[in-house]
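To be precise, the following lines are final-v6.csv, and they hold CSV, C-alpha atoms.
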chain,number,residue,atom,x,y,z
A,1,MET,CA,55.0,77.0,83.1
A,2,SER,CA,54.9,73.2,82.8
A,3,SER,CA,54.2,71.6,79.4
A,4,THR,CA,50.9,70.2,80.8
A,5,LEU,CA,49.7,73.7,81.6
A,6,LEU,CA,50.9,75.1,78.3
A,7,LEU,CA,49.1,72.2,76.6
A,8,ARG,CA,45.9,73.1,78.4
A,9,LEU,CA,46.3,76.7,77.4
A,10,VAL,CA,46.6,75.7,73.7
A,11,GLY,CA,43.6,73.4,74.1
A,12,ILE,CA,41.5,76.2,75.5
A,13,THR,CA,42.6,78.4,72.6
A,14,LEU,CA,41.5,75.7,70.2
A,15,ILE,CA,38.1,75.5,71.9
A,16,THR,CA,37.6,79.3,71.8
A,17,THR,CA,38.6,79.3,68.1
A,18,TYR,CA,36.0,76.6,67.4
A,19,PHE,CA,33.3,78.7,69.0
A,20,VAL,CA,34.5,81.9,67.2
A,21,ILE,CA,34.0,80.0,63.9
A,22,VAL,CA,30.5,78.7,65.0
A,23,LEU,CA,29.5,82.1,66.4
A,24,GLY,CA,30.6,83.6,63.0
A,25,GLY,CA,28.3,81.2,61.3
A,26,ALA,CA,25.4,82.2,63.7
A,27,THR,CA,26.1,85.8,62.9
A,28,ARG,CA,25.7,85.0,59.2
A,29,VAL,CA,22.6,82.8,59.3
A,30,TRP,CA,20.8,85.2,61.6
A,31,GLU,CA,21.8,88.0,59.3
A,32,ALA,CA,23.7,89.9,61.9
A,33,GLY,CA,26.9,90.5,59.9
A,34,MET,CA,26.2,94.2,59.5
A,35,SER,CA,24.5,94.8,62.9
A,36,CYS,CA,27.8,96.4,63.9
A,37,PRO,CA,28.5,98.7,60.9
A,38,ASP,CA,32.0,99.8,61.9
A,39,TRP,CA,35.1,98.0,63.1
A,40,PRO,CA,36.6,97.4,65.5
A,41,LYS,CA,34.1,99.3,67.6
A,42,CYS,CA,30.3,98.9,67.2
A,43,TYR,CA,28.4,102.1,66.5
A,44,GLY,CA,31.5,103.9,67.6
A,45,LEU,CA,31.2,102.2,71.1
A,46,TRP,CA,33.1,99.4,72.8
A,47,TRP,CA,29.8,98.6,74.7
A,48,PRO,CA,26.8,99.3,72.4
A,49,TRP,CA,24.1,98.7,75.0
A,50,PRO,CA,21.4,99.7,75.6
A,51,GLU,CA,20.2,100.8,72.2
A,52,SER,CA,19.4,104.3,73.6
A,53,ARG,CA,23.2,105.0,73.8
A,54,VAL,CA,23.4,104.7,70.0
A,55,ALA,CA,22.3,107.8,68.1
A,56,GLY,CA,19.5,106.7,65.8
A,57,GLY,CA,19.4,103.2,67.3
A,58,TYR,CA,20.6,100.0,65.7
A,59,MET,CA,19.8,101.3,62.2
A,60,VAL,CA,22.1,100.4,59.3
A,61,ASP,CA,21.1,101.4,55.7
A,62,GLY,CA,17.5,101.4,56.6
A,63,THR,CA,17.5,98.1,58.4
A,64,HIS,CA,16.8,98.0,62.2
A,65,TYR,CA,18.7,95.2,63.9
A,66,GLN,CA,17.6,93.5,67.1
A,67,ALA,CA,19.7,93.5,70.3
A,68,TYR,CA,20.4,89.8,69.9
A,69,GLN,CA,21.8,90.4,66.4
A,70,VAL,CA,24.2,93.0,67.7
A,71,ALA,CA,25.1,90.7,70.5
A,72,LEU,CA,26.0,87.9,68.1
A,73,GLU,CA,28.4,90.2,66.0
A,74,TRP,CA,29.8,91.9,69.1
A,75,GLY,CA,30.3,88.5,70.9
A,76,HIS,CA,32.0,87.1,67.8
A,77,ARG,CA,34.5,89.9,67.9
A,78,LEU,CA,35.0,89.7,71.7
A,79,LEU,CA,35.7,86.0,71.6
A,80,ALA,CA,38.1,86.4,68.7
A,81,MET,CA,40.0,89.1,70.7
A,82,LEU,CA,40.3,86.8,73.7
A,83,THR,CA,41.6,84.1,71.5
A,84,GLY,CA,44.2,86.5,70.1
A,85,TYR,CA,45.4,87.4,73.6
A,86,MET,CA,45.7,83.7,74.6
A,87,LEU,CA,47.8,83.0,71.5
A,88,LEU,CA,50.0,86.0,72.3
A,89,GLY,CA,50.7,84.5,75.7
A,90,ILE,CA,51.4,81.1,74.2
A,91,THR,CA,53.8,82.7,71.7
A,92,VAL,CA,55.7,84.5,74.5
A,93,ILE,CA,55.9,81.3,76.5
A,94,SER,CA,57.2,79.4,73.5
A,95,PHE,CA,60.4,81.5,73.6
A,96,LEU,CA,61.3,80.5,77.1
A,97,PRO,CA,64.6,78.5,77.3
A,98,LYS,CA,62.9,75.2,78.3
A,99,TYR,CA,60.7,75.2,75.1
A,100,ARG,CA,63.0,76.9,72.6
A,101,SER,CA,64.8,73.7,71.6
A,102,PHE,CA,61.5,72.0,70.8
A,103,ARG,CA,60.8,74.6,68.1
A,104,ILE,CA,57.3,75.5,69.2
A,105,TRP,CA,57.9,79.2,68.6
A,106,PRO,CA,57.9,79.0,64.7
A,107,ILE,CA,54.4,77.5,64.7
A,108,ALA,CA,53.3,80.0,67.3
A,109,ILE,CA,54.6,82.9,65.1
A,110,LEU,CA,52.9,81.4,62.1
A,111,SER,CA,49.6,81.2,64.0
A,112,CYS,CA,50.0,84.9,64.9
A,113,VAL,CA,50.5,85.8,61.3
A,114,VAL,CA,47.4,83.8,60.2
A,115,LEU,CA,45.4,85.4,63.0
A,116,ALA,CA,46.5,88.9,61.9
A,117,VAL,CA,45.3,88.1,58.4
A,118,GLN,CA,42.0,86.9,59.9
A,119,VAL,CA,41.5,90.1,61.8
A,120,LYS,CA,42.1,92.1,58.6
A,121,LEU,CA,39.6,89.8,56.7
A,122,GLY,CA,37.1,90.4,59.5
A,123,GLY,CA,37.3,94.1,58.7
A,124,VAL,CA,37.0,93.4,55.0
A,125,THR,CA,33.7,91.5,55.5
A,126,VAL,CA,32.3,94.5,57.3
A,127,TRP,CA,33.6,97.1,54.8
A,128,TYR,CA,32.3,95.1,51.8
A,129,ASN,CA,28.9,94.4,53.5
A,130,ASN,CA,29.5,90.6,53.8
A,131,VAL,CA,29.8,90.0,50.1
A,132,PRO,CA,30.0,86.2,49.6
A,133,TRP,CA,33.7,86.1,48.5
A,134,SER,CA,34.7,87.9,51.6
A,135,VAL,CA,32.7,85.5,53.8
A,136,ALA,CA,34.3,82.5,52.1
A,137,LEU,CA,37.8,83.9,52.6
A,138,HIS,CA,37.1,84.8,56.2
A,139,LEU,CA,36.0,81.2,56.9
A,140,GLY,CA,38.8,79.7,54.9
A,141,ASN,CA,41.5,81.6,56.8
A,142,ALA,CA,39.7,80.8,60.1
A,143,LEU,CA,40.1,77.1,59.3
A,144,ILE,CA,43.7,77.6,58.4
A,145,PHE,CA,44.2,79.3,61.8
A,146,PHE,CA,42.4,76.4,63.5
A,147,ALA,CA,44.8,74.0,61.6
A,148,ALA,CA,47.8,76.0,62.8
A,149,LEU,CA,46.6,75.7,66.4
A,150,LEU,CA,46.1,71.9,66.0
A,151,TRP,CA,49.7,71.7,64.8
A,152,LEU,CA,50.9,73.9,67.7
A,153,ARG,CA,49.1,71.7,70.2
A,154,ARG,CA,50.7,68.6,68.7
A,155,LYS,CA,54.2,70.1,69.0
A,156,VAL,CA,53.6,71.1,72.6
A,157,ALA,CA,52.3,67.6,73.4
A,158,LEU,CA,55.4,66.1,71.8
A,159,VAL,CA,57.6,67.8,74.5
A,160,GLY,CA,59.4,64.9,76.1
A,161,GLN,CA,58.1,62.3,73.6
A,162,ILE,CA,59.7,60.8,70.5
A,163,ALA,CA,57.8,61.1,67.2
A,164,VAL,CA,57.7,58.0,65.1
A,165,PRO,CA,56.0,58.7,61.7
A,166,PRO,CA,54.2,55.7,60.3
A,167,SER,CA,55.5,54.0,57.2
A,168,VAL,CA,53.1,55.1,54.5
A,169,PRO,CA,53.5,55.2,50.7
A,170,THR,CA,53.9,58.7,49.2
A,171,TRP,CA,50.8,58.3,47.0
A,172,LEU,CA,48.7,57.5,50.1
A,173,LYS,CA,50.0,60.6,51.8
A,174,GLY,CA,49.0,62.5,48.7
A,175,LEU,CA,45.4,61.2,49.1
A,176,PHE,CA,45.2,62.4,52.7
A,177,ILE,CA,46.5,65.8,51.6
A,178,GLY,CA,44.0,65.9,48.8
A,179,PHE,CA,41.2,65.0,51.2
A,180,ALA,CA,42.2,67.9,53.5
A,181,GLY,CA,42.3,70.2,50.6
A,182,LEU,CA,38.8,69.1,49.4
A,183,VAL,CA,37.4,69.6,52.9
A,184,LEU,CA,38.8,73.2,53.0
A,185,LEU,CA,37.4,73.9,49.5
A,186,ILE,CA,33.9,72.5,50.2
A,187,MET,CA,33.6,74.6,53.4
A,188,MET,CA,34.6,77.8,51.6
A,189,VAL,CA,32.1,77.0,48.8
A,190,GLY,CA,29.5,76.2,51.5
A,191,ALA,CA,30.1,79.7,53.0
A,192,THR,CA,29.6,81.2,49.6
A,193,VAL,CA,26.3,79.3,49.1
A,194,SER,CA,25.0,80.3,52.5
A,195,SER,CA,26.0,84.0,52.3
A,196,SER,CA,24.5,84.3,48.8
A,197,TYR,CA,21.2,82.7,50.0
A,198,ALA,CA,21.7,79.8,47.5
A,199,GLY,CA,21.1,77.0,50.0
A,200,GLY,CA,17.7,76.0,48.8
A,201,ILE,CA,18.0,77.4,45.2
A,202,CYS,CA,18.2,73.9,43.6
A,203,GLY,CA,15.4,72.2,45.6
A,204,GLY,CA,15.9,68.5,46.4
A,205,LEU,CA,18.4,65.9,45.3
A,206,PRO,CA,20.1,64.8,43.1
A,207,SER,CA,19.8,67.4,40.3
A,208,CYS,CA,19.1,71.1,40.3
A,209,GLY,CA,15.6,71.5,39.0
A,210,GLY,CA,16.2,68.6,36.6
A,211,MET,CA,19.6,70.0,35.4
A,212,TRP,CA,23.1,68.8,36.3
A,213,TRP,CA,24.7,72.1,35.3
A,214,PRO,CA,22.2,75.0,35.4
A,215,GLN,CA,22.7,78.3,33.7
A,216,ASP,CA,22.2,80.4,36.9
A,217,ASN,CA,25.5,81.3,38.6
A,218,LEU,CA,24.2,80.8,42.1
A,219,GLN,CA,22.8,77.4,41.1
A,220,GLN,CA,26.2,76.5,39.7
A,221,VAL,CA,27.9,77.4,42.9
A,222,HIS,CA,25.3,75.2,44.7
A,223,MET,CA,26.1,72.3,42.4
A,224,ILE,CA,29.8,72.7,42.9
A,225,HIS,CA,29.2,72.4,46.6
A,226,ARG,CA,27.3,69.2,46.0
A,227,ALA,CA,30.0,67.8,43.7
A,228,ALA,CA,32.7,68.6,46.2
A,229,ALA,CA,30.7,66.9,48.9
A,230,LEU,CA,30.4,63.8,46.8
A,231,ALA,CA,34.1,63.8,46.1
A,232,VAL,CA,35.0,64.1,49.8
A,233,PHE,CA,32.6,61.2,50.6
A,234,ALA,CA,34.1,59.0,47.8
A,235,LEU,CA,37.7,59.8,48.8
A,236,SER,CA,36.9,58.9,52.5
A,237,ILE,CA,35.9,55.4,51.2
A,238,VAL,CA,39.1,55.2,49.1
A,239,LEU,CA,41.2,56.1,52.1
A,240,MET,CA,39.6,53.4,54.2
A,241,ILE,CA,40.2,50.8,51.5
A,242,CYS,CA,43.8,51.9,50.9
A,243,ALA,CA,44.7,52.2,54.5
A,244,LYS,CA,43.4,48.7,55.2
A,245,LYS,CA,45.6,47.3,52.4
A,246,VAL,CA,48.9,49.2,52.7
A,247,ALA,CA,48.9,51.1,56.0
A,248,PRO,CA,47.1,49.2,58.8
A,249,GLU,CA,48.3,51.7,61.4
A,250,LEU,CA,46.0,54.3,59.7
A,251,ARG,CA,42.9,52.1,59.5
A,252,LYS,CA,41.3,53.8,62.5
A,253,THR,CA,42.2,57.2,61.2
A,254,ALA,CA,40.7,56.6,57.8
A,255,LYS,CA,37.6,55.0,59.4
A,256,GLY,CA,37.2,58.0,61.7
A,257,LEU,CA,37.3,60.4,58.7
A,258,HIS,CA,34.7,58.4,56.9
A,259,ILE,CA,32.3,58.5,59.8
A,260,LEU,CA,32.8,62.2,60.2
A,261,VAL,CA,32.0,62.8,56.5
A,262,LEU,CA,29.0,60.4,56.6
A,263,VAL,CA,27.4,62.3,59.5
A,264,GLN,CA,28.2,65.6,57.8
A,265,ALA,CA,26.5,64.4,54.6
A,266,VAL,CA,23.4,63.5,56.6
A,267,PHE,CA,23.4,67.0,58.2
A,268,GLY,CA,23.8,68.5,54.8
A,269,ILE,CA,20.8,66.7,53.3
A,270,ILE,CA,18.6,67.5,56.3
A,271,THR,CA,19.6,71.2,56.0
A,272,LEU,CA,18.9,71.1,52.3
A,273,TYR,CA,15.3,69.9,52.8
A,274,SER,CA,14.7,72.4,55.6
A,275,PHE,CA,14.0,75.1,53.0
A,276,SER,CA,10.9,73.2,51.7
A,277,HIS,CA,9.8,71.2,54.7
A,278,TYR,CA,10.8,72.9,57.9
A,279,PRO,CA,12.1,76.4,57.1
A,280,SER,CA,11.9,77.6,60.8
A,281,TRP,CA,14.8,75.2,61.6
A,282,TYR,CA,17.1,76.3,58.8
A,283,GLN,CA,19.3,78.6,60.9
A,284,GLN,CA,19.9,75.9,63.6
A,285,LEU,CA,20.5,73.2,61.1
A,286,SER,CA,22.9,75.4,59.1
A,287,LEU,CA,24.8,76.1,62.3
A,288,ILE,CA,25.1,72.3,63.1
A,289,HIS,CA,26.2,71.7,59.6
A,290,LEU,CA,29.0,74.2,59.9
A,291,GLY,CA,30.0,73.1,63.4
A,292,TRP,CA,30.3,69.4,62.3
A,293,GLY,CA,32.2,70.5,59.2
A,294,VAL,CA,34.8,72.0,61.5
A,295,PHE,CA,35.1,68.6,63.2
A,296,VAL,CA,35.6,67.0,59.7
A,297,TRP,CA,38.4,69.6,59.1
A,298,MET,CA,39.9,68.8,62.5
A,299,GLY,CA,40.0,65.1,61.6
A,300,ALA,CA,41.6,65.9,58.2
A,301,VAL,CA,44.3,68.0,59.8
A,302,GLY,CA,44.8,65.5,62.5
A,303,SER,CA,45.4,62.8,59.9
A,304,LEU,CA,48.1,64.9,58.4
A,305,LEU,CA,49.7,65.4,61.8
A,306,THR,CA,49.6,61.7,62.3
A,307,LEU,CA,51.4,61.2,59.0
A,308,ARG,CA,54.1,63.6,60.2
A,309,TYR,CA,54.5,62.6,63.9
A,310,GLY,CA,52.7,59.3,64.3
A,311,LYS,CA,50.5,58.7,67.3
A,312,ALA,CA,52.8,60.5,69.7
A,313,GLY,CA,51.3,63.7,71.1
A,314,SER,CA,47.8,63.0,69.7
A,315,PHE,CA,44.7,63.9,71.8
A,316,HIS,CA,44.1,60.4,73.1
A,317,GLU,CA,47.8,60.1,74.2
A,318,ARG,CA,47.7,63.2,76.4
Step by step, read the file and then write its structure as structure tokens.
Amino acid sequence: MSSTLLLRLVGITLITTYFVIVLGGATRVWEAGMSCPDWPKCYGLWWPWPESRVAGGYMVDGTHYQAYQVALEWGHRLLAMLTGYMLLGITVISFLPKYRSFRIWPIAILSCVVLAVQVKLGGVTVWYNNVPWSVALHLGNALIFFAALLWLRRKVALVGQIAVPPSVPTWLKGLFIGFAGLVLLIMMVGATVSSSYAGGICGGLPSCGGMWWPQDNLQQVHMIHRAAALAVFALSIVLMICAKKVAPELRKTAKGLHILVLVQAVFGIITLYSFSHYPSWYQQLSLIHLGWGVFVWMGAVGSLLTLRYGKAGSFHER
């Protein structure tokens, strides 16, 4: 297989992973997480349709689920499985003699390990009835898997190219790493907020019912999410200023991150006010908020890869 075809295969795997994450969010916001009460099958079946095939119907702990909810959860699992098979194929290819010297295989193996953990965490979310901490861990590990695939893609794209890392001060590298860490944190906290139904618990901005640190635990989690969002936004501005002064080659990278964060902040505010002004749109807006958040994470990871390899092998280069 040529490196171009391998690159496309990794790219397709990245795209399916993105939709696995978004479909997982849809499963959560439409309360379909328990619509398939067992795992890996669904009601003991690989194909749980029509409902008449299921003894007792789509009933779980007294709740009757609709066919579309079962389809969301089942489709989420199916797409995840297809992603796993594609990664397995990529891993096998990475051991071929023509690729072995480029050391693609260690990243492929790492991706497989992270995926195995993700599969286990998927089972945990079902076994523990989608308790918020399990949902947060499931999303967090999914983002780490997505990052591993981004790294894998960059390594494949570097086949035949020379990586020239930019000259960047260590402290600025630390800021970019801190930015990525904050993005991961805020998305995990956001998953906790959503899965614990705390999205509208504080009302509007900027305080939480007139308090900056409320006594209620769920309100506190909500405010942590807001504080982390503010920190990410502020740090994106700092990165732009610092890159302009000491690392001009990273100006576009830093500006791109800021734009991504700015758009995400707008989506977050719109989603927040949906609870009081347009509740029928909450699910759709929450999903957009998650989907764009993955783009922010993609940008954060991409900036770290640029620090490591330079522009060689980046998306716009291939």
- Query: Could you state the separation of CA of Leu218 (chain A) and CA of Ala198 (chain A) in Å, given to one decimal place?
  - Reply: 6.0 Å
- Mind listing whatever residues come within 7 Å of the point (40.0, 60.3, 52.5)? Use only C-alpha atoms, file coordinates, and give them as number ranges by chain. A: 175-176, 179, 232, 235-239, 254, 257
- Item | d(CA of Phe95 (chain A), CA of Gly11 (chain A)) in Å |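 About the pair CA of Phe95 (chain A) and CA of Gly11 (chain A): they are 18.7 Å apart.
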- Message: With all atoms listed in the file as the counted atoms, please give the residues lying no more than 12 Å from Gly75 (chain A), apart from itself and same-chain residues fewer than 2 positions off, as a PyMOL selection string.
- Response: chain A and resi 16+19-24+26-27+32-33+35-36+41-42+46-48+67-73+77-82
- Query: Pick the closest to Ile109 (chain A) from A:Val126, A:Lys311, A:Leu305, A:Leu149: which is it, counting all atoms listed in the file?
  - Reply: A:Leu149
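Look at Val29 (chain A): the protein and nucleic acid residues within 9 Å of it, using only C-alpha atoms and passing over chain neighbours fewer than 6 places away, are Ser194, Ser195, Tyr282, Gln283, Gln284, Ser286 and Leu287 of chain A.
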